[in-house]
>>> print(open('model.cif').read())   # mmCIF, C-alpha atoms
data_my_file
loop_
_atom_site.label_atom_id
_atom_site.label_comp_id
_atom_site.auth_asym_id
_atom_site.auth_seq_id
_atom_site.Cartn_x
_atom_site.Cartn_y
_atom_site.Cartn_z
CA MET M 1 109.25 -92.90 -73.72
CA ASN M 2 107.32 -90.74 -71.26
CA ILE M 3 109.32 -87.84 -69.81
CA GLU M 4 107.28 -88.05 -66.58
CA ASN M 5 108.59 -91.58 -65.93
CA ILE M 6 112.18 -90.39 -66.35
CA GLU M 7 111.41 -87.46 -64.04
CA ALA M 8 110.11 -89.85 -61.34
CA PHE M 9 113.29 -91.95 -61.62
CA VAL M 10 115.60 -88.92 -61.20
CA TYR M 11 113.55 -87.47 -58.33
CA VAL M 12 113.60 -90.75 -56.39
CA ILE M 13 117.39 -90.84 -56.60
CA HIS M 14 117.74 -87.13 -55.77
CA PHE M 15 115.55 -87.36 -52.63
CA LYS M 16 116.65 -90.96 -51.82
CA SER M 17 113.01 -91.67 -51.10
CA PHE M 18 109.90 -92.65 -53.05
CA ASN M 19 107.71 -90.71 -50.59
CA LYS M 20 109.74 -87.49 -50.80
CA ALA M 21 109.85 -87.74 -54.61
CA ALA M 22 106.06 -88.14 -54.61
CA ASP M 23 105.66 -85.04 -52.44
CA ALA M 24 107.96 -82.99 -54.68
CA LEU M 25 105.98 -83.98 -57.77
CA PHE M 26 102.58 -83.64 -56.04
CA LEU M 27 101.86 -87.32 -56.58
CA SER M 28 101.06 -90.30 -54.41
CA GLN M 29 103.73 -92.87 -53.55
CA PRO M 30 101.95 -95.61 -55.57
CA SER M 31 101.94 -93.28 -58.62
CA ILE M 32 105.71 -92.82 -58.35
CA SER M 33 106.18 -96.61 -58.05
CA ALA M 34 103.94 -97.14 -61.10
CA ARG M 35 105.98 -94.69 -63.16
CA ILE M 36 109.24 -96.40 -62.21
CA GLN M 37 107.81 -99.80 -63.13
CA THR M 38 106.61 -98.44 -66.50
CA LEU M 39 110.07 -97.01 -67.18
CA GLU M 40 111.68 -100.36 -66.35
CA ARG M 41 109.35 -102.08 -68.83
CA GLU M 42 110.15 -99.49 -71.51
CA LEU M 43 113.89 -99.95 -70.97
CA ASP M 44 113.56 -103.69 -70.40
CA VAL M 45 115.93 -103.46 -67.40
CA LYS M 46 115.69 -103.40 -63.63
CA LEU M 47 116.65 -99.98 -62.26
CA PHE M 48 116.32 -100.58 -58.49
CA GLU M 49 117.03 -103.40 -56.07
CA ARG M 50 114.33 -103.22 -53.37
CA GLU M 51 114.67 -104.60 -49.87
CA GLY M 52 111.57 -103.63 -47.91
CA ARG M 53 111.56 -99.86 -47.65
CA HIS M 54 115.15 -99.61 -48.77
CA PHE M 55 116.42 -99.58 -52.34
CA THR M 56 119.68 -99.31 -54.25
CA LEU M 57 120.45 -98.59 -57.89
CA THR M 58 121.32 -101.54 -60.07
CA GLU M 59 124.30 -101.33 -62.41
CA LYS M 60 121.85 -100.68 -65.27
CA GLY M 61 120.25 -97.96 -63.17
CA LYS M 62 123.63 -96.32 -62.56
CA GLN M 63 124.39 -96.44 -66.31
CA PHE M 64 121.04 -94.88 -67.22
CA LEU M 65 121.08 -92.13 -64.54
CA PRO M 66 123.35 -89.56 -66.29
CA TYR M 67 121.30 -89.87 -69.50
CA ALA M 68 118.06 -89.39 -67.58
CA GLN M 69 119.48 -86.30 -65.86
CA GLN M 70 120.65 -84.94 -69.20
CA ILE M 71 117.18 -85.44 -70.71
CA LEU M 72 115.56 -83.48 -67.87
CA GLN M 73 118.21 -80.76 -68.06
CA SER M 74 117.68 -80.37 -71.82
CA MET M 75 113.93 -80.15 -71.27
CA LYS M 76 114.46 -77.46 -68.61
CA LYS M 77 116.73 -75.41 -70.88
CA GLY M 78 114.26 -75.75 -73.73
CA LYS M 79 111.42 -74.41 -71.57
CA GLN M 80 113.58 -71.52 -70.36
CA GLN M 81 114.49 -70.61 -73.93
CA LEU M 82 110.84 -70.59 -75.01
CA GLN M 83 109.86 -68.48 -72.01
CA GLN M 84 112.68 -66.04 -72.74
CA MET M 85 111.61 -65.75 -76.39
CA LYS M 86 108.03 -65.19 -75.27
CA ALA M 87 109.09 -62.54 -72.79
CA THR M 88 111.35 -60.72 -75.26
CA PRO M 89 109.34 -59.26 -78.18
CA TYR M 90 110.61 -59.67 -81.72
CA GLU M 91 111.75 -56.18 -82.67
CA VAL M 92 111.61 -54.76 -86.21
CA THR M 93 112.62 -51.20 -87.15
CA ILE M 94 111.00 -49.73 -90.25
CA GLY M 95 112.12 -46.48 -91.85
CA CYS M 96 109.50 -44.54 -93.79
CA THR M 97 108.77 -41.18 -95.34
CA VAL M 98 106.52 -38.62 -93.64
CA SER M 99 103.55 -39.39 -95.90
CA VAL M 100 103.85 -43.14 -95.24
CA SER M 101 104.15 -42.49 -91.51
CA ASN M 102 101.06 -40.27 -91.49
CA TYR M 103 98.71 -42.13 -93.82
CA ILE M 104 99.80 -45.73 -94.47
CA ILE M 105 101.35 -46.96 -91.20
CA PRO M 106 98.21 -46.22 -89.11
CA GLU M 107 96.24 -48.45 -91.49
CA LEU M 108 98.74 -51.31 -91.18
CA VAL M 109 99.67 -51.39 -87.49
CA PRO M 110 96.37 -52.75 -86.07
CA VAL M 111 96.36 -55.67 -88.52
CA ILE M 112 100.09 -56.38 -88.10
CA GLN M 113 99.74 -56.32 -84.30
CA SER M 114 96.80 -58.74 -84.35
CA LYS M 115 98.74 -61.25 -86.47
CA PHE M 116 102.10 -60.74 -84.67
CA PRO M 117 101.23 -59.97 -81.00
CA GLU M 118 104.83 -60.64 -79.93
CA LEU M 119 106.18 -58.05 -82.38
CA GLN M 120 107.66 -54.79 -81.15
CA LEU M 121 107.49 -52.39 -84.08
CA LYS M 122 109.76 -49.35 -84.14
CA LEU M 123 109.27 -46.55 -86.65
CA LEU M 124 111.82 -44.05 -87.94
CA THR M 125 110.62 -41.16 -90.14
CA ALA M 126 113.05 -39.55 -92.56
CA SER M 127 113.60 -38.72 -96.23
CA SER M 128 113.88 -41.52 -98.78
CA GLU M 129 117.60 -40.85 -99.16
CA ALA M 130 118.21 -40.95 -95.40
CA ILE M 131 116.25 -44.20 -95.06
CA MET M 132 118.29 -45.78 -97.84
CA GLU M 133 121.51 -44.77 -96.06
CA LYS M 134 120.30 -46.08 -92.67
CA LEU M 135 119.33 -49.38 -94.28
CA MET M 136 122.79 -49.72 -95.80
CA ASN M 137 124.31 -49.04 -92.36
CA LYS M 138 122.02 -51.69 -90.80
CA GLU M 139 120.40 -49.12 -88.52
CA ILE M 140 116.93 -50.26 -89.68
CA ASP M 141 115.54 -53.56 -90.98
CA MET M 142 113.55 -52.33 -93.98
CA GLY M 143 112.16 -49.14 -95.48
CA LEU M 144 109.08 -47.67 -97.12
CA ILE M 145 110.23 -44.94 -99.49
CA ARG M 146 109.37 -43.36 -102.83
CA ASN M 147 110.25 -45.23 -106.01
CA MET M 148 114.07 -45.47 -105.84
CA THR M 149 116.53 -48.22 -106.78
CA HIS M 150 119.96 -49.21 -105.48
CA PRO M 151 122.25 -52.08 -106.62
CA HIS M 152 122.50 -53.41 -103.06
CA MET M 153 118.77 -53.22 -102.31
CA ASP M 154 115.76 -55.39 -103.04
CA SER M 155 112.89 -53.08 -103.92
CA VAL M 156 109.26 -54.01 -104.65
CA LYS M 157 106.15 -51.94 -105.29
CA PHE M 158 104.22 -51.46 -102.06
CA TYR M 159 101.48 -48.92 -102.74
CA GLU M 160 100.42 -46.61 -105.56
CA ASP M 161 98.58 -43.48 -104.40
CA PRO M 162 96.87 -41.42 -107.13
CA ILE M 163 97.74 -37.71 -107.16
CA ARG M 164 94.58 -35.70 -107.83
CA LEU M 165 93.42 -32.10 -107.87
CA PHE M 166 91.44 -31.08 -104.77
CA VAL M 167 89.25 -28.06 -104.25
CA TYR M 168 87.32 -26.67 -101.29
CA GLU M 169 83.55 -26.47 -100.84
CA GLY M 170 81.92 -23.91 -103.11
CA HIS M 171 84.76 -23.76 -105.65
CA PRO M 172 83.53 -23.07 -109.20
CA PHE M 173 85.19 -26.26 -110.53
CA LEU M 174 82.47 -28.24 -108.70
CA GLU M 175 79.94 -26.86 -111.19
CA LYS M 176 82.19 -27.36 -114.20
CA HIS M 177 81.74 -30.54 -116.24
CA HIS M 178 85.17 -30.47 -117.88
CA VAL M 179 88.31 -29.07 -116.28
CA THR M 180 91.48 -28.64 -118.35
CA ILE M 181 95.05 -27.99 -117.27
CA GLU M 182 94.63 -24.47 -118.69
CA ASP M 183 91.72 -23.94 -116.28
CA VAL M 184 93.86 -25.14 -113.40
CA GLY M 185 96.78 -22.91 -114.39
CA ILE M 186 94.86 -19.67 -113.87
CA GLN M 187 93.60 -20.64 -110.39
CA PRO M 188 95.58 -19.75 -107.24
CA LEU M 189 97.55 -22.93 -106.52
CA VAL M 190 98.86 -24.32 -103.26
CA PHE M 191 101.71 -26.31 -104.70
CA PHE M 192 103.13 -29.24 -102.72
CA GLU M 193 105.80 -31.55 -104.07
CA CYS M 194 107.98 -34.27 -102.59
CA GLY M 195 110.55 -34.65 -105.37
CA SER M 196 109.11 -37.74 -107.08
CA LEU M 197 109.06 -38.14 -110.86
CA ASP M 198 105.32 -37.56 -111.00
CA TRP M 199 105.62 -34.14 -109.41
CA MET M 200 108.22 -33.36 -112.08
CA LYS M 201 105.70 -34.45 -114.74
CA LEU M 202 103.24 -31.93 -113.28
CA HIS M 203 105.85 -29.20 -113.67
CA HIS M 204 106.40 -30.20 -117.31
CA TRP M 205 102.67 -30.08 -118.04
CA PHE M 206 102.43 -26.57 -116.61
CA GLU M 207 105.39 -25.56 -118.77
CA THR M 208 103.25 -26.27 -121.86
CA LEU M 209 100.83 -23.47 -120.92
CA ASP M 210 100.96 -20.07 -122.63
CA HIS M 211 101.24 -18.42 -119.22
CA PRO M 212 103.02 -19.73 -116.10
CA PRO M 213 100.70 -21.25 -113.48
CA ASN M 214 99.43 -19.07 -110.67
CA ILE M 215 101.36 -20.65 -107.81
CA ALA M 216 100.27 -18.68 -104.75
CA TYR M 217 102.01 -20.88 -102.18
CA HIS M 218 104.87 -23.35 -102.64
CA MET M 219 104.91 -25.85 -99.75
CA ASP M 220 107.28 -28.66 -98.77
CA ASN M 221 104.88 -30.00 -96.13
CA LEU M 222 101.81 -31.95 -97.20
CA GLU M 223 99.70 -31.17 -94.12
CA THR M 224 100.38 -27.45 -94.46
CA ALA M 225 99.35 -27.52 -98.11
CA LYS M 226 96.15 -29.38 -97.25
CA LYS M 227 95.22 -26.90 -94.49
CA LEU M 228 95.75 -23.93 -96.81
CA ILE M 229 93.37 -25.52 -99.32
CA LEU M 230 90.85 -26.12 -96.53
CA LYS M 231 91.10 -22.40 -95.67
CA GLN M 232 90.31 -21.63 -99.33
CA MET M 233 93.71 -20.06 -100.00
CA GLY M 234 93.92 -21.98 -103.25
CA ILE M 235 93.49 -25.41 -104.81
CA GLY M 236 96.14 -28.10 -105.19
CA PHE M 237 97.35 -31.52 -106.21
CA LEU M 238 97.70 -33.98 -103.31
CA PRO M 239 98.13 -37.74 -102.82
CA SER M 240 94.62 -39.19 -102.43
CA LEU M 241 95.30 -41.07 -99.20
CA SER M 242 96.35 -37.88 -97.44
CA VAL M 243 92.89 -36.29 -97.82
CA ALA M 244 90.67 -39.36 -97.39
CA GLU M 245 89.12 -38.08 -94.15
CA GLU M 246 88.47 -34.60 -95.55
CA VAL M 247 86.80 -36.08 -98.63
CA ARG M 248 84.57 -38.33 -96.52
CA ALA M 249 83.63 -35.27 -94.43
CA ARG M 250 82.90 -33.33 -97.67
CA LYS M 251 85.42 -30.63 -96.81
CA LEU M 252 87.57 -31.29 -99.88
CA PHE M 253 86.52 -32.54 -103.30
CA PRO M 254 88.49 -34.34 -106.04
CA ILE M 255 88.36 -32.88 -109.53
CA ASP M 256 89.13 -34.96 -112.61
CA VAL M 257 91.65 -33.43 -114.98
CA PRO M 258 91.82 -35.99 -117.82
CA SER M 259 95.28 -34.95 -119.05
CA LEU M 260 96.71 -35.49 -115.54
CA ALA M 261 94.98 -38.82 -114.79
CA SER M 262 98.20 -40.89 -114.76
CA LEU M 263 99.85 -39.08 -111.84
CA SER M 264 100.58 -41.14 -108.72
CA LEU M 265 102.88 -41.33 -105.72
CA ARG M 266 104.51 -44.75 -105.53
CA THR M 267 105.84 -46.26 -102.33
CA ASN M 268 108.36 -49.13 -102.48
CA LEU M 269 109.35 -51.62 -99.78
CA ILE M 270 113.13 -51.99 -99.64
CA ALA M 271 115.55 -54.29 -97.84
CA ARG M 272 119.22 -55.19 -98.13
CA LYS M 273 119.88 -57.82 -100.80
CA GLY M 274 120.05 -61.29 -99.28
CA ASP M 275 119.41 -59.87 -95.82
CA CYS M 276 115.61 -59.70 -95.61
CA THR M 277 114.27 -60.20 -92.09
CA ASP M 278 111.90 -63.06 -91.27
CA PHE M 279 109.23 -60.40 -91.03
CA TYR M 280 109.77 -59.00 -94.55
CA LYS M 281 107.64 -61.42 -96.56
CA PRO M 282 104.78 -61.73 -94.02
CA PHE M 283 104.70 -57.92 -93.76
CA LEU M 284 104.45 -57.59 -97.53
CA GLU M 285 101.77 -60.28 -97.82
CA ILE M 286 99.65 -58.87 -95.00
CA SER M 287 99.97 -55.35 -96.35
CA ARG M 288 98.79 -56.46 -99.77
CA GLU M 289 95.81 -58.16 -98.15
CA ILE M 290 94.75 -54.84 -96.66
CA LEU M 291 92.92 -53.39 -99.61
CA PHE M 292 93.13 -49.65 -99.49
CA PRO M 293 89.64 -48.98 -100.88
CA SER M 294 89.21 -46.58 -103.73
CA THR M 295 89.14 -43.43 -101.68
CA PHE M 296 87.10 -41.42 -104.09
CA PRO M 297 84.37 -42.13 -106.66
#
>>> encode(input="model.cif", output="structure tokens")
Amino acid sequence: MNIENIEAFVYVIHFKSFNKAADALFLSQPSISARIQTLERELDVKLFEREGRHFTLTEKGKQFLPYAQQILQSMKKGKQQLQQMKATPYEVTIGCTVSVSNYIIPELVPVIQSKFPELQLKLLTASSEAIMEKLMNKEIDMGLIRNMTHPHMDSVKFYEDPIRLFVYEGHPFLEKHHVTIEDVGIQPLVFFECGSLDWMKLHHWFETLDHPPNIAYHMDNLETAKKLILKQMGIGFLPSLSVAEEVRARKLFPIDVPSLASLSLRTNLIARKGDCTDFYKPFLEISREILFPSTFP
């Protein structure tokens, strides 16, 4: 049944005139009459009694009128709801660590925005522990944190970022074919750590040396550590993604240390158990499609 035919029927009754109904719907009077006739055939009843230019509703017409009005009202409410949803963006709040905020989120946002133009993405940067707490308190929808578990959280691997040794231009390690952890230990080190298990492994490896490592600077901020290395104040271990631009610009250089090859900084995507947002799975799938290329040779 065509909604336009029902609309013509209701408008004729509302304006008490075929001509006025036609004007309101930007149609001709014959078009309105044709729609009414089509509706009568579809219903297999006579809706109007016509006497020249005058008309009255039949009993069948009176019975059908409230249903026709209800159909149009439901259609109107449906359109309003869709327009309201279109006007109000779907909002998702993601909590993430500083390193994720600086180096991973900028890679994801352009692709996410192109696939979800109605999405309003809000970002909250904090420690992994704080993000976990905010997620439990329903202050955020999901989180990107270091590898942590919680009995009330769903947690899946999101990204694995290799931790490698980086040196500045002209450093003697660039001419050395084989670098050992003993070689690293005697160099001035700019030491950054974020508390993950892999940074603890690095500590344990240095503890195996005959002499303690030469830690010149101990930093809790990744960007500060990177800038000190760029200023040739020492060398250091950093997550690969954090120095991708500097490596491409040949300002910093990765050095292979075979005994430390397994180090990495893992980021997990977390959400409350049984309370994943509609955006959780698409976000994970899209993010996995974005291949973070091997940053270094």
>>> closest_residue(input="model.cif", among="M:Phe192, M:Phe15, M:Tyr90, M:Phe253", to="M:Leu119", atoms="only C-alpha atoms")
M:Tyr90
>>> atom_distance(input="model.cif", atom1="atom CA of M:Ile6", atom2="atom CA of M:Gln73")
11.5 Å
>>> residues_around(input="model.cif", residues="M:Val10", least_positions_apart="2", cutoff="10 Å", atoms="all atoms listed in the file", output="CSV table (one decimal) with C-alpha atoms, keeping the file's coordinate frame")
chain,number,residue,atom,x,y,z
M,4,GLU,CA,107.3,-88.0,-66.6
M,5,ASN,CA,108.6,-91.6,-65.9
M,6,ILE,CA,112.2,-90.4,-66.4
M,7,GLU,CA,111.4,-87.5,-64.0
M,8,ALA,CA,110.1,-89.8,-61.3
M,12,VAL,CA,113.6,-90.8,-56.4
M,13,ILE,CA,117.4,-90.8,-56.6
M,14,HIS,CA,117.7,-87.1,-55.8
M,15,PHE,CA,115.6,-87.4,-52.6
M,16,LYS,CA,116.6,-91.0,-51.8
M,21,ALA,CA,109.8,-87.7,-54.6
M,36,ILE,CA,109.2,-96.4,-62.2
M,65,LEU,CA,121.1,-92.1,-64.5
M,66,PRO,CA,123.4,-89.6,-66.3
M,68,ALA,CA,118.1,-89.4,-67.6
M,69,GLN,CA,119.5,-86.3,-65.9
M,72,LEU,CA,115.6,-83.5,-67.9
>>> residues_around(input="model.cif", residues="M:Ser101", least_positions_apart="6", cutoff="12 Å", atoms="only C-alpha atoms", output="PyMOL selection string")
chain M and resi 94-95+107-109+122-127+143-145+241-242+267
>>> resolve_selection(input="model.cif", expression="the PyMOL selection byres ((chain M and resi 165-175) around 12)", output="number ranges by chain")
M: 162-164, 176-181, 183-185, 187-192, 202, 225-240, 242-244, 246-247, 249-261, 263-264, 296
>>> closest_residue(input="model.cif", among="M:Phe158, M:Glu40, M:His152, M:Met75", to="M:Thr58", atoms="all atoms listed in the file")
M:Glu40
>>> resolve_selection(input="model.cif", expression="the PyMOL selection byres ((chain M and resi 133) around 12)", output="list in words")
Gly95, Ala126, Ser127, Ser128, Glu129, Ala130, Ile131, Met132, Lys134, Leu135, Met136, Asn137, Lys138, Glu139, Ile140, Asp141, Met142, Gly143, Ile145, His150, His152, Met153, Ile270, Ala271 and Arg272 of chain M
>>> write_last_selection(input="model.cif", atoms="C-alpha atoms", output="short mmCIF file (atom, residue, chain, number, x, y, z; two decimals), keeping the file's coordinate frame")
data_model
loop_
_atom_site.label_atom_id
_atom_site.label_comp_id
_atom_site.auth_asym_id
_atom_site.auth_seq_id
_atom_site.Cartn_x
_atom_site.Cartn_y
_atom_site.Cartn_z
CA GLY M 95 112.12 -46.48 -91.85
CA ALA M 126 113.05 -39.55 -92.56
CA SER M 127 113.60 -38.72 -96.23
CA SER M 128 113.88 -41.52 -98.78
CA GLU M 129 117.60 -40.85 -99.16
CA ALA M 130 118.21 -40.95 -95.40
CA ILE M 131 116.25 -44.20 -95.06
CA MET M 132 118.29 -45.78 -97.84
CA LYS M 134 120.30 -46.08 -92.67
CA LEU M 135 119.33 -49.38 -94.28
CA MET M 136 122.79 -49.72 -95.80
CA ASN M 137 124.31 -49.04 -92.36
CA LYS M 138 122.02 -51.69 -90.80
CA GLU M 139 120.40 -49.12 -88.52
CA ILE M 140 116.93 -50.26 -89.68
CA ASP M 141 115.54 -53.56 -90.98
CA MET M 142 113.55 -52.33 -93.98
CA GLY M 143 112.16 -49.14 -95.48
CA ILE M 145 110.23 -44.94 -99.49
CA HIS M 150 119.96 -49.21 -105.48
CA HIS M 152 122.50 -53.41 -103.06
CA MET M 153 118.77 -53.22 -102.31
CA ILE M 270 113.13 -51.99 -99.64
CA ALA M 271 115.55 -54.29 -97.84
CA ARG M 272 119.22 -55.19 -98.13
#
>>> closest_residue(input="model.cif", among="M:Ala24, M:Phe279, M:Glu245, M:Leu47", to="M:Glu118", atoms="only C-alpha atoms")
M:Phe279
>>> closest_residue(input="model.cif", among="M:Lys281, M:Lys77, M:Ser99, M:Asn147", to="M:Asp220", atoms="all atoms listed in the file")
M:Ser99
>>> atom_distance(input="model.cif", atom1="atom CA of M:Gly61", atom2="atom CA of M:Asp44")
11.4 Å
>>> closest_residue(input="model.cif", among="M:Met148, M:Leu265, M:Ile3, M:Ala34", to="M:Phe18", atoms="all atoms listed in the file")
M:Ala34
>>> resolve_selection(input="model.cif", expression="the PyMOL selection byres ((chain M and resi 59) around 12)", output="compact mmCIF listing (two decimals) with C-alpha atoms, keeping the file's coordinate frame")
# COMPACT_ATOMS: atom_id res chain seq x y z
CA VAL M 45 115.93 -103.46 -67.40
CA LYS M 46 115.69 -103.40 -63.63
CA LEU M 47 116.65 -99.98 -62.26
CA PHE M 48 116.32 -100.58 -58.49
CA GLU M 49 117.03 -103.40 -56.07
CA THR M 56 119.68 -99.31 -54.25
CA LEU M 57 120.45 -98.59 -57.89
CA THR M 58 121.32 -101.54 -60.07
CA LYS M 60 121.85 -100.68 -65.27
CA GLY M 61 120.25 -97.96 -63.17
CA LYS M 62 123.63 -96.32 -62.56
CA GLN M 63 124.39 -96.44 -66.31
CA PHE M 64 121.04 -94.88 -67.22
CA LEU M 65 121.08 -92.13 -64.54
>>> atom_distance(input="model.cif", atom1="atom CA of M:Tyr103", atom2="atom CA of M:Pro282")
20.5 Å
>>> closest_residue(input="model.cif", among="M:Thr97, M:Asn2, M:Ser155, M:Ser33", to="M:Leu269", atoms="only C-alpha atoms")
M:Ser155
>>> build_atoms(input="model.cif", residues="stretch 216-227 of chain M", atoms="N, CA and C atoms", output="short mmCIF file (atom, residue, chain, number, x, y, z; two decimals), in the frame of the given file")
data_model
loop_
_atom_site.label_atom_id
_atom_site.label_comp_id
_atom_site.auth_asym_id
_atom_site.auth_seq_id
_atom_site.Cartn_x
_atom_site.Cartn_y
_atom_site.Cartn_z
N ALA M 216 100.37 -19.65 -105.85
CA ALA M 216 100.27 -18.68 -104.75
C ALA M 216 101.15 -19.07 -103.58
N TYR M 217 101.24 -20.38 -103.32
CA TYR M 217 102.01 -20.88 -102.18
C TYR M 217 102.76 -22.15 -102.61
N HIS M 218 104.04 -22.18 -102.31
CA HIS M 218 104.87 -23.35 -102.64
C HIS M 218 105.26 -24.01 -101.32
N MET M 219 104.73 -25.20 -101.04
CA MET M 219 104.91 -25.85 -99.75
C MET M 219 105.76 -27.12 -99.87
N ASP M 220 106.55 -27.39 -98.83
CA ASP M 220 107.28 -28.66 -98.77
C ASP M 220 106.69 -29.59 -97.72
N ASN M 221 105.55 -29.19 -97.14
CA ASN M 221 104.88 -30.00 -96.13
C ASN M 221 103.45 -30.27 -96.57
N LEU M 222 103.11 -31.56 -96.66
CA LEU M 222 101.81 -31.95 -97.20
C LEU M 222 100.66 -31.46 -96.34
N GLU M 223 100.77 -31.58 -95.02
CA GLU M 223 99.70 -31.17 -94.12
C GLU M 223 99.45 -29.67 -94.20
N THR M 224 100.53 -28.90 -94.33
CA THR M 224 100.38 -27.45 -94.46
C THR M 224 99.65 -27.10 -95.75
N ALA M 225 100.02 -27.76 -96.83
CA ALA M 225 99.35 -27.52 -98.11
C ALA M 225 97.86 -27.85 -98.01
N LYS M 226 97.55 -28.97 -97.39
CA LYS M 226 96.15 -29.38 -97.25
C LYS M 226 95.36 -28.36 -96.44
N LYS M 227 95.93 -27.86 -95.34
CA LYS M 227 95.22 -26.90 -94.49
C LYS M 227 95.00 -25.57 -95.20
#
